[in-house]
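**Student:** Below you'll find work.tsv; it's TSV, C-alpha atoms.
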```
chain	number	residue	atom	x	y	z
X	507	MET	CA	0.00	0.00	0.00
X	508	ALA	CA	1.37	3.41	-0.95
X	509	LYS	CA	2.14	6.04	1.70
X	510	LYS	CA	-0.60	8.31	0.34
X	511	ASP	CA	-3.16	5.49	0.68
X	512	ILE	CA	-2.06	4.77	4.25
X	513	ASP	CA	-2.28	8.46	5.19
X	514	THR	CA	-5.77	8.68	3.66
X	515	TYR	CA	-6.83	5.58	5.61
X	516	LEU	CA	-5.46	7.03	8.86
X	517	LYS	CA	-7.21	10.36	8.31
X	518	MET	CA	-10.49	8.55	7.68
X	519	LYS	CA	-10.04	6.35	10.74
X	520	ILE	CA	-9.20	9.35	12.92
X	521	SER	CA	-12.19	11.33	11.67
X	522	GLU	CA	-14.42	8.58	13.07
X	523	MET	CA	-12.83	8.62	16.56
X	524	ASN	CA	-14.36	10.27	19.59
X	525	GLN	CA	-12.15	12.43	21.83
X	526	GLN	CA	-11.18	9.58	24.12
X	527	GLU	CA	-10.16	7.31	21.23
X	528	LEU	CA	-8.20	10.13	19.63
X	529	ILE	CA	-6.29	10.88	22.82
X	530	VAL	CA	-5.40	7.19	23.24
X	531	PHE	CA	-4.29	7.12	19.59
X	532	LEU	CA	-2.07	10.18	20.10
X	533	TYR	CA	-0.48	8.72	23.25
X	534	GLU	CA	0.13	5.46	21.42
X	535	SER	CA	1.67	7.31	18.47
X	536	ALA	CA	3.94	9.33	20.78
X	537	ILE	CA	5.05	6.16	22.58
X	538	ASN	CA	5.84	4.45	19.28
X	539	LEU	CA	7.77	7.47	18.01
X	540	MET	CA	9.83	7.68	21.22
X	541	GLU	CA	10.56	3.94	21.15
X	542	GLU	CA	11.60	4.20	17.49
X	543	SER	CA	13.78	7.19	18.41
X	544	LYS	CA	15.60	5.13	21.01
X	545	ALA	CA	16.44	2.63	18.27
X	546	THR	CA	17.53	5.34	15.81
X	547	ILE	CA	19.72	6.94	18.48
X	548	GLY	CA	21.36	3.55	18.99
X	549	SER	CA	21.96	3.11	15.27
X	550	GLY	CA	23.29	6.64	14.82
X	551	ASP	CA	20.45	7.78	12.53
X	552	LEU	CA	20.45	11.42	13.58
X	553	GLN	CA	17.98	12.59	10.95
X	554	GLY	CA	15.50	9.79	11.73
X	555	THR	CA	15.83	10.51	15.45
X	556	HIS	CA	15.25	14.22	14.92
X	557	GLN	CA	12.15	13.66	12.75
X	558	ARG	CA	10.58	11.15	15.15
X	559	LEU	CA	11.25	13.22	18.25
X	560	ASN	CA	9.88	16.35	16.59
X	561	ARG	CA	6.68	14.48	15.77
X	562	ALA	CA	6.41	13.13	19.34
X	563	ARG	CA	6.99	16.64	20.71
X	564	ASN	CA	4.36	18.04	18.34
X	565	ILE	CA	1.82	15.51	19.60
X	566	PHE	CA	2.25	16.82	23.15
X	567	LEU	CA	2.18	20.41	21.95
X	568	HIS	CA	-1.11	19.62	20.20
X	569	LEU	CA	-2.52	17.99	23.35
X	570	LEU	CA	-1.32	20.95	25.40
X	571	GLY	CA	-3.04	23.36	23.02
X	572	THR	CA	-6.35	21.49	23.21
X	573	LEU	CA	-6.67	21.47	26.99
X	574	ASN	CA	-9.76	23.24	28.27
X	575	MET	CA	-8.52	25.30	31.20
X	576	GLU	CA	-12.03	26.43	32.13
X	577	GLY	CA	-14.98	24.78	33.81
X	578	GLN	CA	-15.19	21.47	35.66
X	579	GLY	CA	-12.02	19.92	34.27
X	580	LYS	CA	-9.79	22.89	35.10
X	581	ALA	CA	-7.84	21.10	37.86
X	582	VAL	CA	-7.19	18.02	35.72
X	583	ALA	CA	-6.29	20.18	32.72
X	584	SER	CA	-3.81	22.11	34.84
X	585	LYS	CA	-2.06	18.90	35.90
X	586	LEU	CA	-2.04	17.57	32.34
X	587	SER	CA	-0.64	20.89	31.17
X	588	ALA	CA	2.32	20.54	33.53
X	589	LEU	CA	2.90	16.95	32.42
X	590	TYR	CA	2.73	17.81	28.71
X	591	ALA	CA	5.18	20.69	29.23
X	592	TYR	CA	7.52	18.27	31.03
X	593	PHE	CA	7.22	15.76	28.17
X	594	VAL	CA	8.03	18.47	25.62
X	595	GLU	CA	11.07	19.50	27.68
X	596	LYS	CA	12.37	15.92	27.99
X	597	ILE	CA	11.79	15.15	24.30
X	598	THR	CA	13.57	18.37	23.32
X	599	MET	CA	16.48	17.45	25.59
X	600	ALA	CA	16.64	13.93	24.10
X	601	ASN	CA	16.65	15.43	20.62
X	602	THR	CA	19.47	17.79	21.55
X	603	THR	CA	21.68	15.37	23.47
X	604	LYS	CA	20.62	12.10	21.77
X	605	ASN	CA	20.37	10.60	25.26
X	606	VAL	CA	17.74	7.86	25.62
X	607	ARG	CA	17.52	8.39	29.40
X	608	ASP	CA	15.37	11.46	28.80
X	609	LEU	CA	12.90	9.27	26.90
X	610	ASP	CA	13.13	6.49	29.49
X	611	ASP	CA	12.14	9.06	32.14
X	612	ILE	CA	8.82	9.85	30.48
X	613	LEU	CA	7.80	6.68	28.62
X	614	PRO	CA	6.33	4.99	31.73
X	615	ILE	CA	4.31	8.10	32.57
X	616	VAL	CA	2.96	8.40	29.03
X	617	SER	CA	2.10	4.67	29.08
X	618	ASP	CA	0.24	5.13	32.38
X	619	LEU	CA	-1.71	8.07	30.97
X	620	LYS	CA	-2.61	6.06	27.89
X	621	GLY	CA	-3.82	3.21	30.11
X	622	ALA	CA	-5.91	5.58	32.21
X	623	TRP	CA	-7.61	6.98	29.10
X	624	GLU	CA	-8.20	3.47	27.75
X	625	ASN	CA	-9.89	2.44	31.00
X	626	MET	CA	-12.01	5.57	31.31
X	627	LYS	CA	-15.70	4.94	30.83
X	628	PRO	CA	-17.09	7.27	28.18
X	629	THR	CA	-20.12	9.26	29.25
X	630	SER	CA	-21.09	10.03	25.66
X	631	ASN	CA	-19.75	9.80	22.16
X	632	GLU	CA	-17.54	12.78	23.02
X	633	PRO	CA	-16.17	12.08	26.50
X	634	GLY	CA	-15.63	15.35	28.25
X	635	PRO	CA	-12.36	15.36	30.19
X	636	PRO	CA	-10.60	18.56	29.66
X	637	LEU	CA	-10.32	19.04	25.93
X	638	LYS	CA	-11.76	21.66	23.69
X	639	ASN	CA	-12.48	20.98	20.04
X	640	SER	CA	-9.56	21.23	17.69
X	641	SER	CA	-8.50	19.98	14.33
X	642	LEU	CA	-5.68	17.49	14.18
X	643	ASP	CA	-2.68	18.51	12.12
X	644	SER	CA	-2.15	15.81	9.50
X	645	SER	CA	1.62	15.86	10.10
X	646	LEU	CA	0.98	14.23	13.48
X	647	ILE	CA	-0.51	11.15	11.85
X	648	SER	CA	1.53	10.90	8.68
X	649	MET	CA	3.37	7.63	8.15
X	650	GLU	CA	6.31	9.53	6.66
X	651	VAL	CA	9.41	9.84	8.83
```
Render the structure in this file as structure tokens.

**Tutor:**
Amino acid sequence: MAKKDIDTYLKMKISEMNQQELIVFLYESAINLMEESKATIGSGDLQGTHQRLNRARNIFLHLLGTLNMEGQGKAVASKLSALYAYFVEKITMANTTKNVRDLDDILPIVSDLKGAWENMKPTSNEPGPPLKNSSLDSSLISMEV
């Protein structure tokens, strides 16, 4: 299957997701990108590492930008905001130093967050925890690295 066909399939699949499914998908994508980056660091592929870590960082920047800092979920959003900022900082540091320890520091936390979102019971088709509507940048889901 061609890259363009895969990207089209992913965009279609994502357009059918509710917020909770999309957040889980983004966490999973970030985890995969960070794990791949650890391998590319080990193999000396600096360009591949840079591209993957930029995409992982952009996922957390997107999540950070979609937090709803008003209303009921304000306290949770505030805590997620601090975590996302920490993830961005650690990913940026890993990209600069090519040190996998920075990724190892955050991967368990991201995995725990992903698990929490997977286990959350949706209250509707658009589960409400602290997100506001946003469009997803297609570069976050592209198969191209």

**Student:** Determine the nearest neighbour of Lys544 in chain X from the options X:Leu559, X:Leu569, X:Ala591, X:Val582, counting only C-alpha atoms.

**Tutor:**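 That would be X:Leu559, the residue with the smallest distance to Lys544 in chain X.
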
**Student:** Could you check the closest approach to Asn564 in chain X for each of X:Ile520, X:Ala600, X:Leu539, X:Val606 and tell me which residue wins, using all atoms listed in the file?

**Tutor:**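 Nearest candidate to Asn564 in chain X out of X:Ile520, X:Ala600, X:Leu539, X:Val606: X:Leu539.
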
**Student:** The centre and edge lengths of an axis-aligned box containing all atoms of range 602-619 of chain X present in the file, extended by 8 Å on each side, are to be given in Å to one decimal, as lines of an AutoDock Vina configuration file.

**Tutor:**
```
center_x = 10.0
center_y = 11.2
center_z = 27.1
size_x = 39.4
size_y = 29.1
size_z = 27.0
```

**Student:** Do you have the CA of Ser584 in chain X-CA of Asn560 in chain X distance handy?

**Tutor:**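 Between CA of Ser584 in chain X and CA of Asn560 in chain X the gap is 23.5 Å.
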
**Student:** My list of candidates is X:Ala562, X:Leu570, X:Leu619, X:Leu613. Which is closest to Ala536 in chain X when distances are computed with all atoms listed in the file?

**Tutor:** X:Ala562

**Student:** Given the choices X:Gln553, X:Val530, X:Ile537, X:Asp513, which gets closest to Pro614 in chain X if the distance is worked out from all atoms listed in the file?

**Tutor:**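 The shortest atom-to-atom distance to Pro614 in chain X comes from X:Ile537.
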
**Student:** Between X:Lys620, X:Glu595, X:Glu542, X:Leu516, which residue has the minimum interatomic distance to His556 in chain X, considering all atoms listed in the file?

**Tutor:**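 Ranked by minimum distance to His556 in chain X, first place goes to X:Glu542.
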
**Student:** Rounded to one decimal in Å, what is the spacing between CA of Thr546 in chain X and CA of Ala588 in chain X?

**Tutor:**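 Interatomic distance here is 27.9 Å.
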
**Student:** Take the point (2.6, 16.6, 31.4) as written in the file and pick out every residue within 12 Å of it, counting only C-alpha atoms; give the list as a ChimeraX atom specification.

**Tutor:** /X:533,563,565-567,569-570,573,582-597,612-613,615-616,618-619

**Student:** Quick one: distance from CA of Leu609 in chain X to CA of Leu552 in chain X in Å, one decimal?

**Tutor:**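 A separation of 15.5 Å between them.
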
**Student:** Tell me which of X:Ala622, X:Lys604, X:Lys517, X:Ile529 sits closest to Gly554 in chain X, counting only C-alpha atoms.

**Tutor:**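 Of all the options, X:Lys604 lies closest to Gly554 in chain X.
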